[in-house]
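**Q** Data file query.tsv (TSV, C-alpha atoms) is appended below.
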chain	number	residue	atom	x	y	z
T	54	MET	CA	-3.35	-47.82	-7.66
T	55	SER	CA	-6.46	-48.51	-5.72
T	56	GLY	CA	-6.55	-44.80	-4.80
T	57	GLY	CA	-6.76	-43.82	-8.48
T	58	ARG	CA	-9.60	-46.27	-9.08
T	59	HIS	CA	-11.32	-44.89	-6.06
T	60	THR	CA	-11.27	-41.30	-7.33
T	61	HIS	CA	-12.42	-42.52	-10.75
T	62	THR	CA	-15.47	-44.25	-9.35
T	63	ARG	CA	-16.19	-41.27	-7.17
T	64	SER	CA	-16.04	-38.73	-10.02
T	65	LEU	CA	-18.79	-40.42	-12.03
T	66	PRO	CA	-21.71	-39.85	-9.68
T	67	THR	CA	-20.56	-36.25	-9.16
T	68	GLN	CA	-20.86	-35.60	-12.88
T	69	GLY	CA	-24.31	-37.08	-12.89
T	70	LEU	CA	-25.23	-34.94	-9.93
T	71	ASN	CA	-24.01	-31.84	-11.74
T	72	GLU	CA	-26.24	-32.50	-14.75
T	73	ARG	CA	-29.18	-33.25	-12.55
T	74	HIS	CA	-28.42	-30.09	-10.59
T	75	LEU	CA	-28.38	-28.03	-13.78
T	76	LEU	CA	-31.67	-29.49	-15.03
T	77	PHE	CA	-33.19	-28.95	-11.62
T	78	GLY	CA	-31.91	-25.36	-11.59
T	79	ILE	CA	-33.34	-24.62	-15.03
T	80	GLY	CA	-36.67	-26.15	-14.03
T	81	LEU	CA	-36.65	-24.09	-10.87
T	82	ALA	CA	-35.85	-20.91	-12.78
T	83	LEU	CA	-38.65	-21.60	-15.28
T	84	GLY	CA	-41.03	-22.38	-12.47
T	85	ARG	CA	-40.15	-19.30	-10.45
T	86	GLY	CA	-40.22	-16.95	-13.41
T	87	VAL	CA	-37.73	-14.44	-14.68
T	88	SER	CA	-38.47	-11.80	-12.06
T	89	ASP	CA	-36.95	-14.10	-9.42
T	90	LEU	CA	-33.84	-14.59	-11.49
T	91	THR	CA	-32.86	-10.93	-11.15
T	92	ASP	CA	-33.70	-10.89	-7.43
T	93	SER	CA	-34.49	-7.19	-7.39
T	94	ALA	CA	-34.29	-7.13	-3.58
T	95	ILE	CA	-30.69	-8.34	-3.70
T	96	LEU	CA	-29.84	-5.87	-6.48
T	97	THR	CA	-31.28	-3.03	-4.41
T	98	ALA	CA	-29.38	-4.14	-1.32
T	99	LEU	CA	-26.09	-4.40	-3.22
T	100	GLY	CA	-26.65	-0.98	-4.79
T	101	ARG	CA	-27.33	0.46	-1.37
T	102	GLN	CA	-24.18	-1.13	-0.02
T	103	MET	CA	-22.18	0.54	-2.79
T	104	THR	CA	-23.76	3.91	-2.00
T	105	LYS	CA	-22.94	3.46	1.66
T	106	ALA	CA	-19.31	2.59	0.84
T	107	VAL	CA	-19.02	5.71	-1.32
T	108	GLN	CA	-20.47	7.86	1.47
T	109	SER	CA	-17.94	6.45	3.94
T	110	GLN	CA	-15.21	7.21	1.43
T	111	ALA	CA	-16.46	10.80	1.05
T	112	ALA	CA	-16.40	11.24	4.84
T	113	ALA	CA	-12.85	9.85	5.05
T	114	VAL	CA	-11.75	12.09	2.16
T	115	SER	CA	-13.21	15.14	3.94
T	116	ASN	CA	-11.23	14.24	7.04
T	117	LEU	CA	-8.02	13.74	5.07
T	118	ALA	CA	-8.49	17.05	3.25
T	119	ASN	CA	-8.88	18.82	6.61
T	120	LEU	CA	-5.97	17.05	8.29
T	121	ASP	CA	-4.48	20.40	9.33
T	122	THR	CA	-7.54	22.64	9.59
T	123	PRO	CA	-7.76	24.14	13.08
T	124	GLY	CA	-11.00	23.30	14.86
T	125	TYR	CA	-12.11	20.70	12.31
T	126	LYS	CA	-13.79	17.64	13.84
T	127	THR	CA	-13.63	14.14	12.35
T	128	ARG	CA	-16.83	13.25	10.49
T	129	GLU	CA	-18.23	9.84	9.66
T	130	SER	CA	-21.20	8.79	7.60
T	131	PHE	CA	-24.21	8.10	9.78
T	132	ALA	CA	-24.96	4.71	8.21
T	133	GLU	CA	-21.45	3.62	9.16
T	134	ALA	CA	-21.94	4.71	12.75
T	135	LEU	CA	-25.29	2.92	12.92
T	136	THR	CA	-24.02	-0.40	11.56
T	137	SER	CA	-21.05	-0.35	13.90
T	138	GLN	CA	-23.50	0.05	16.78
T	139	LEU	CA	-25.64	-2.82	15.47
T	140	GLN	CA	-22.76	-5.15	14.72
T	141	PRO	CA	-23.04	-7.38	17.85
T	142	GLY	CA	-26.30	-8.90	16.60
T	143	ALA	CA	-28.97	-8.35	14.01
T	144	LEU	CA	-32.19	-6.65	15.10
T	145	THR	CA	-34.56	-9.10	16.71
T	146	ARG	CA	-38.03	-9.13	15.17
T	147	SER	CA	-40.94	-10.30	17.25
T	148	ASN	CA	-43.49	-8.82	14.86
T	149	SER	CA	-43.58	-8.80	11.07
T	150	LYS	CA	-43.92	-5.01	11.11
T	151	HIS	CA	-40.66	-4.52	12.97
T	152	LEU	CA	-37.65	-3.21	11.08
T	153	ASP	CA	-35.04	-5.89	10.50
T	154	GLY	CA	-32.25	-3.46	9.80
T	155	SER	CA	-32.18	-4.24	6.08
T	156	ALA	CA	-33.07	-0.62	5.29
T	157	ILE	CA	-29.90	0.62	6.97
T	158	GLY	CA	-27.90	2.78	4.63
T	159	ALA	CA	-30.95	4.10	2.84
T	160	GLN	CA	-30.91	7.21	4.98
T	161	ALA	CA	-27.49	8.80	5.00
T	162	GLY	CA	-26.28	11.57	7.18
T	163	VAL	CA	-22.96	12.75	8.42
T	164	ARG	CA	-22.13	13.29	12.04
T	165	GLU	CA	-19.10	14.09	14.10
T	166	THR	CA	-17.20	11.15	15.52
T	167	GLU	CA	-17.09	11.08	19.29
T	168	GLY	CA	-14.31	9.99	21.60
T	169	LEU	CA	-11.27	11.10	19.62
T	170	ALA	CA	-8.51	13.05	21.35
T	171	ALA	CA	-8.24	16.58	19.96
T	172	ARG	CA	-4.94	18.31	19.35
T	173	ARG	CA	-4.22	21.78	20.71
T	174	ASP	CA	-5.70	23.50	17.64
T	175	GLY	CA	-9.01	21.66	18.20
T	176	ASN	CA	-8.50	19.30	15.26
T	177	ASN	CA	-9.00	15.59	15.98
T	178	VAL	CA	-8.29	13.93	12.62
T	179	GLN	CA	-6.08	10.83	12.81
T	180	LEU	CA	-4.29	10.06	9.57
T	181	ASP	CA	-4.03	6.28	10.00
T	182	ARG	CA	-7.66	5.94	11.10
T	183	GLU	CA	-8.88	7.77	7.99
T	184	LEU	CA	-6.65	5.83	5.60
T	185	LEU	CA	-7.94	2.63	7.19
T	186	ALA	CA	-11.56	3.79	6.79
T	187	LEU	CA	-10.82	4.69	3.18
T	188	SER	CA	-9.44	1.27	2.26
T	189	ARG	CA	-12.13	-0.52	4.25
T	190	ALA	CA	-14.84	1.35	2.35
T	191	SER	CA	-12.99	0.58	-0.87
T	192	GLY	CA	-13.06	-3.12	0.02
T	193	ASP	CA	-16.77	-2.96	0.81
T	194	PHE	CA	-17.40	-1.31	-2.54
T	195	THR	CA	-15.43	-3.99	-4.40
T	196	LYS	CA	-17.32	-6.70	-2.51
T	197	ALA	CA	-20.72	-5.33	-3.51
T	198	GLN	CA	-19.56	-4.59	-7.05
T	199	THR	CA	-18.30	-8.15	-7.54
T	200	ALA	CA	-21.56	-9.63	-6.31
T	201	LEU	CA	-23.57	-7.23	-8.48
T	202	ALA	CA	-21.47	-8.06	-11.55
T	203	ALA	CA	-22.03	-11.78	-10.91
T	204	LYS	CA	-25.77	-11.16	-10.65
T	205	PHE	CA	-25.78	-9.20	-13.91
T	206	ARG	CA	-23.77	-11.99	-15.59
T	207	LEU	CA	-26.48	-14.43	-14.58
T	208	VAL	CA	-29.18	-12.23	-16.11
T	209	ARG	CA	-27.14	-11.82	-19.30
T	210	TYR	CA	-26.67	-15.59	-19.42
T	211	ALA	CA	-30.43	-16.01	-19.32
T	212	ILE	CA	-30.98	-13.31	-21.97
T	213	ASN	CA	-28.49	-14.98	-24.31
T	214	GLU	CA	-30.19	-18.37	-23.74
T	215	GLY	CA	-27.10	-19.82	-22.11
T	216	ARG	CA	-24.75	-19.02	-24.94
N	183	MET	CA	-21.33	10.17	-9.03
N	184	SER	CA	-21.84	13.57	-7.46
N	185	ILE	CA	-20.49	12.29	-4.13
N	186	LEU	CA	-17.46	10.79	-5.86
N	187	SER	CA	-16.75	13.98	-7.80
N	188	SER	CA	-17.16	16.05	-4.64
N	189	ALA	CA	-14.66	13.70	-2.96
N	190	ILE	CA	-12.14	14.20	-5.79
N	191	ASN	CA	-12.67	17.97	-5.60
N	192	ALA	CA	-12.15	17.92	-1.81
N	193	SER	CA	-8.88	16.02	-2.20
N	194	ALA	CA	-7.76	18.35	-4.97
N	195	SER	CA	-8.44	21.40	-2.78
N	196	ALA	CA	-6.35	19.76	-0.05
N	197	LEU	CA	-3.48	19.21	-2.51
N	198	ASP	CA	-3.68	22.94	-3.32
N	199	ALA	CA	-3.68	23.92	0.37
N	200	GLN	CA	-0.79	21.63	1.28
N	201	ARG	CA	1.23	22.91	-1.67
N	202	ALA	CA	0.66	26.46	-0.37
N	203	ARG	CA	1.93	25.35	3.04
N	204	ILE	CA	5.04	23.82	1.47
N	205	GLU	CA	5.69	27.00	-0.54
N	206	VAL	CA	5.34	29.22	2.55
N	207	ALA	CA	7.60	26.96	4.65
N	208	VAL	CA	10.20	26.95	1.86
N	209	SER	CA	10.14	30.76	1.58
N	210	ASN	CA	10.50	31.02	5.36
N	211	ILE	CA	13.57	28.78	5.29
N	212	ALA	CA	15.00	30.63	2.29
N	213	ASN	CA	14.68	33.97	4.11
N	214	ALA	CA	15.91	32.82	7.52
N	215	GLU	CA	18.85	35.24	7.19
N	216	SER	CA	17.21	38.09	5.25
N	217	THR	CA	17.77	41.16	7.41
N	218	ARG	CA	16.41	43.67	4.92
N	219	GLY	CA	12.94	43.52	3.37
N	220	PRO	CA	11.01	45.94	1.15
N	221	ASN	CA	9.86	47.94	4.22
N	222	GLY	CA	13.35	48.13	5.73
N	223	GLU	CA	12.52	45.51	8.39
N	224	PRO	CA	13.91	41.98	8.48
N	225	TYR	CA	11.83	39.22	6.88
N	226	ARG	CA	8.76	38.24	8.92
N	227	ARG	CA	7.86	34.57	9.10
N	228	ARG	CA	4.63	33.81	7.21
N	229	ASP	CA	1.99	31.25	8.05
N	230	VAL	CA	-0.93	29.71	6.12
N	231	VAL	CA	-4.43	29.79	7.66
N	232	LEU	CA	-6.57	26.84	6.56
N	233	ALA	CA	-10.34	26.55	6.94
N	234	ALA	CA	-12.87	23.87	6.00
N	235	ALA	CA	-14.47	24.97	2.73
N	236	THR	CA	-18.00	26.31	2.95
N	237	PRO	CA	-20.22	23.95	0.93
N	238	THR	CA	-21.54	25.24	-2.38
N	239	PHE	CA	-25.27	25.75	-2.95
N	240	SER	CA	-25.78	22.32	-4.52
N	241	GLN	CA	-23.54	20.61	-1.96
N	242	SER	CA	-25.55	21.95	0.96
N	243	PHE	CA	-28.48	19.75	-0.13
N	244	ASP	CA	-26.36	16.61	0.07
N	245	ARG	CA	-25.11	16.13	3.59
N	246	ALA	CA	-22.89	13.23	2.55
N	247	ALA	CA	-20.87	15.40	0.14
N	248	ALA	CA	-17.18	15.68	0.98
N	249	ILE	CA	-15.88	18.92	2.48
N	250	GLY	CA	-12.73	20.41	1.01
N	251	VAL	CA	-10.25	22.81	2.54
N	252	GLU	CA	-9.20	26.29	1.49
N	253	VAL	CA	-6.43	28.76	2.24
N	254	VAL	CA	-8.25	31.74	3.77
N	255	ALA	CA	-5.20	33.87	4.49
N	256	ILE	CA	-1.43	33.99	4.61
N	257	VAL	CA	-0.53	35.95	7.74
N	258	GLU	CA	2.75	37.33	9.06
N	259	ASP	CA	4.02	36.10	12.40
N	260	THR	CA	3.92	38.96	14.93
N	261	GLU	CA	6.55	37.42	17.18
N	262	PRO	CA	9.43	39.92	17.90
N	263	PHE	CA	12.67	39.63	15.96
N	264	GLY	CA	15.69	38.02	17.53
N	265	HIS	CA	18.95	39.96	17.76
N	266	ARG	CA	22.47	38.94	16.95
N	267	TYR	CA	25.61	40.87	17.93
N	268	ASP	CA	27.50	41.66	14.73
N	269	PRO	CA	28.85	45.26	14.67
N	270	SER	CA	30.37	44.84	11.19
N	271	HIS	CA	26.97	44.01	9.64
N	272	PRO	CA	25.58	46.85	7.47
N	273	ASP	CA	22.18	46.54	9.19
N	274	ALA	CA	23.59	46.67	12.74
N	275	ASP	CA	22.20	49.39	15.03
N	276	ALA	CA	24.23	51.77	17.24
N	277	SER	CA	24.86	49.07	19.86
N	278	GLY	CA	26.05	46.54	17.24
N	279	LEU	CA	22.92	44.34	17.28
N	280	VAL	CA	21.34	43.06	14.06
N	281	ALA	CA	17.59	42.25	14.04
N	282	MET	CA	17.19	38.76	12.56
N	283	PRO	CA	14.03	37.26	10.99
N	284	ASN	CA	11.72	35.47	13.46
N	285	VAL	CA	12.11	32.19	11.56
N	286	ASP	CA	12.74	28.99	13.51
N	287	ILE	CA	14.29	26.47	11.12
N	288	PRO	CA	13.29	23.28	13.04
N	289	GLU	CA	9.68	24.52	13.21
N	290	GLU	CA	9.67	25.12	9.45
N	291	MET	CA	11.07	21.65	8.81
N	292	VAL	CA	8.29	20.11	10.92
N	293	ASN	CA	5.72	22.12	8.93
N	294	LEU	CA	7.33	21.04	5.69
N	295	LEU	CA	7.26	17.35	6.60
N	296	GLY	CA	3.68	17.57	7.89
N	297	ALA	CA	2.53	19.24	4.67
N	298	ALA	CA	4.35	16.67	2.52
N	299	ARG	CA	2.74	13.80	4.44
N	300	ALA	CA	-0.72	15.36	4.14
N	301	TYR	CA	-0.13	15.88	0.41
N	302	GLN	CA	0.74	12.20	0.06
N	303	ALA	CA	-2.33	11.10	2.04
N	304	ASN	CA	-4.62	13.14	-0.22
N	305	LEU	CA	-2.95	11.76	-3.33
N	306	THR	CA	-3.66	8.26	-2.00
N	307	ALA	CA	-7.28	9.27	-1.41
N	308	ILE	CA	-7.61	10.49	-5.02
N	309	ASN	CA	-6.26	7.16	-6.28
N	310	VAL	CA	-8.73	5.21	-4.12
N	311	ILE	CA	-11.65	7.28	-5.39
N	312	ARG	CA	-10.46	6.85	-8.98
N	313	ASP	CA	-10.33	3.06	-8.48
N	314	THR	CA	-13.88	3.17	-7.10
N	315	VAL	CA	-15.12	5.03	-10.18
N	316	GLN	CA	-13.26	2.57	-12.39
N	317	ARG	CA	-14.87	-0.42	-10.68
N	318	ALA	CA	-18.31	1.17	-10.89
N	319	LEU	CA	-17.79	1.57	-14.64
N	320	GLU	CA	-16.83	-2.10	-14.92
N	321	LEU	CA	-20.44	-2.99	-14.11
N	322	GLY	CA	-21.38	-1.79	-17.59
N	323	LYS	CA	-19.03	-4.18	-19.36
So that I can check it, write out the structure of this file as structure tokens.

**A**
Amino acid sequence: MSGGRHTHTRSLPTQGLNERHLLFGIGLALGRGVSDLTDSAILTALGRQMTKAVQSQAAAVSNLANLDTPGYKTRESFAEALTSQLQPGALTRSNSKHLDGSAIGAQAGVRETEGLAARRDGNNVQLDRELLALSRASGDFTKAQTALAAKFRLVRYAINEGR
Amino acid sequence: MSILSSAINASASALDAQRARIEVAVSNIANAESTRGPNGEPYRRRDVVLAAATPTFSQSFDRAAAIGVEVVAIVEDTEPFGHRYDPSHPDADASGLVAMPNVDIPEEMVNLLGAARAYQANLTAINVIRDTVQRALELGK
């Protein structure tokens, strides 16, 4: 009984906080201007992430298509190789002119993957590895697409004046 | 979109190539006992030669474009025929030996299974790419 009363008293201030939050958010949005609402930097980054995912998918598809081609070497998209090398930590910046790694994926190339055991016909494509890369890239794409869709919904919300 | 369509095309070319492999393996198995061909010789085992497709003019500008596969040739196996002793066979020579096709059934079965698996993998890839296109289109909703 006392537990129910407790939750009731606790829910009231939360509601008040929500309203205040909303008012604060609207004030902030008005103060910052509409250009900040779209966050063009975030949109660009998400778009780039989608491009990178598609490029990884294209590389995996090439490998799958050439599963039995003698002499074919596994390819991977260069951006993918670069980010896997950078994964342990973000780039340290000691100067504002240093690259922070946010531009990764803008330049895309394809290179041969190293360190895979080749079969006797010189082909080194591994079926499971490529299927894994394919679904991982698919997941990355969905991730970026969901975030981008949410961002667009926010903009549409503002355009429709909250209706 | 051009990368995605090149990916679909690459997978489709692989489906074509793997289907050719399956057809050749099936015809090898079907003719494992054919002792008389059009040229009077027993059936010679055939094999598909695959090669990574050379990129088209527009593809060569885009290094990220997917590379397909193509069947460059279907060649006959030059391995010598095996012989079986069967004097009553119409194709038997003076010493009673019949030249049999150089087809090895277990090898053909392995080829068949490998081609079927590769076909499946490429079908999966096409579905993944199609889902990606679908999700990209959802952004416009």

**Q** Hey, can you check how far CA of Thr238 (chain N) sits from CA of Val315 (chain N)?

**A** 22.6 Å

**Q** Rank N:Ala235, N:Val208, N:Ala196, N:Leu319 by their smallest atom-to-atom distance to chain T, using all atoms listed in the file, and report the top residue only.

**A**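 For chain T, the nearest of the candidates is N:Ala196.
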
**Q** Could you list, as number ranges by chain, every residue within 7 Å of region 187-195 of chain T, counting all atoms listed in the file and ignoring same-chain residues fewer than 6 positions away?

**A** T: 103, 106, 109-110, 113; N: 314

**Q** Can you work out which residues from chain T touch chain N at a cut-off of 10 Å (counting all atoms listed in the file) and hand them back as a PyMOL selection string?

**A** chain T and resi 103-125+128-131+161-164+180-181+183-184+187-188+190-192+194-195+198-199+201-203+205-206

**Q** Which of these, T:Arg216, T:Val178, T:Ala197, T:Ala211, has the shortest distance to Leu96 (chain T) once you count only C-alpha atoms?

**A** T:Ala197

**Q** Rounded to one decimal in Å, what is the spacing between CA of Ala94 (chain T) and CA of Gly215 (chain T)?

**A**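 That distance, rounded to one decimal, is 23.6 Å.
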
**Q** Counting only C-alpha atoms, what is within 6 Å of Pro283 (chain N), bar same-chain residues fewer than 5 positions away, as number ranges by chain?

**A** N: 214, 224-226, 263

**Q** What would the file look like if the residues just selected were written as a short mmCIF file (atom, residue, chain, number, x, y, z; two decimals), in the frame of the given file with C-alpha atoms?

**A**
data_model
loop_
_atom_site.label_atom_id
_atom_site.label_comp_id
_atom_site.auth_asym_id
_atom_site.auth_seq_id
_atom_site.Cartn_x
_atom_site.Cartn_y
_atom_site.Cartn_z
CA ALA N 214 15.91 32.82 7.52
CA PRO N 224 13.91 41.98 8.48
CA TYR N 225 11.83 39.22 6.88
CA ARG N 226 8.76 38.24 8.92
CA PHE N 263 12.67 39.63 15.96
#

**Q** For each of N:Ser184, N:Asn293, N:Ser209, N:Ser277, take the minimum atom-to-atom distance to Ser240 (chain N), counting all atoms listed in the file, then give the residue where this is smallest.

**A**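 Checking each of N:Ser184, N:Asn293, N:Ser209, N:Ser277 against Ser240 (chain N), counting all atoms listed in the file, the winner is N:Ser184.
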
**Q** Enter the distance from CA of Glu167 (chain T) to CA of Leu305 (chain N), in Å, rounded to one decimal.

**A**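 Taking CA of Glu167 (chain T) as the start and CA of Leu305 (chain N) as the end point, the length is 26.7 Å.
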
**Q** List the spatial neighbours of Asn210 (chain N) as a ChimeraX atom specification - criterion: any atom at most 12 Å away, all atoms listed in the file, same-chain residues fewer than 3 positions off excluded.

**A** /N:203-207,213-216,224-230,258-259,283-291,293-294
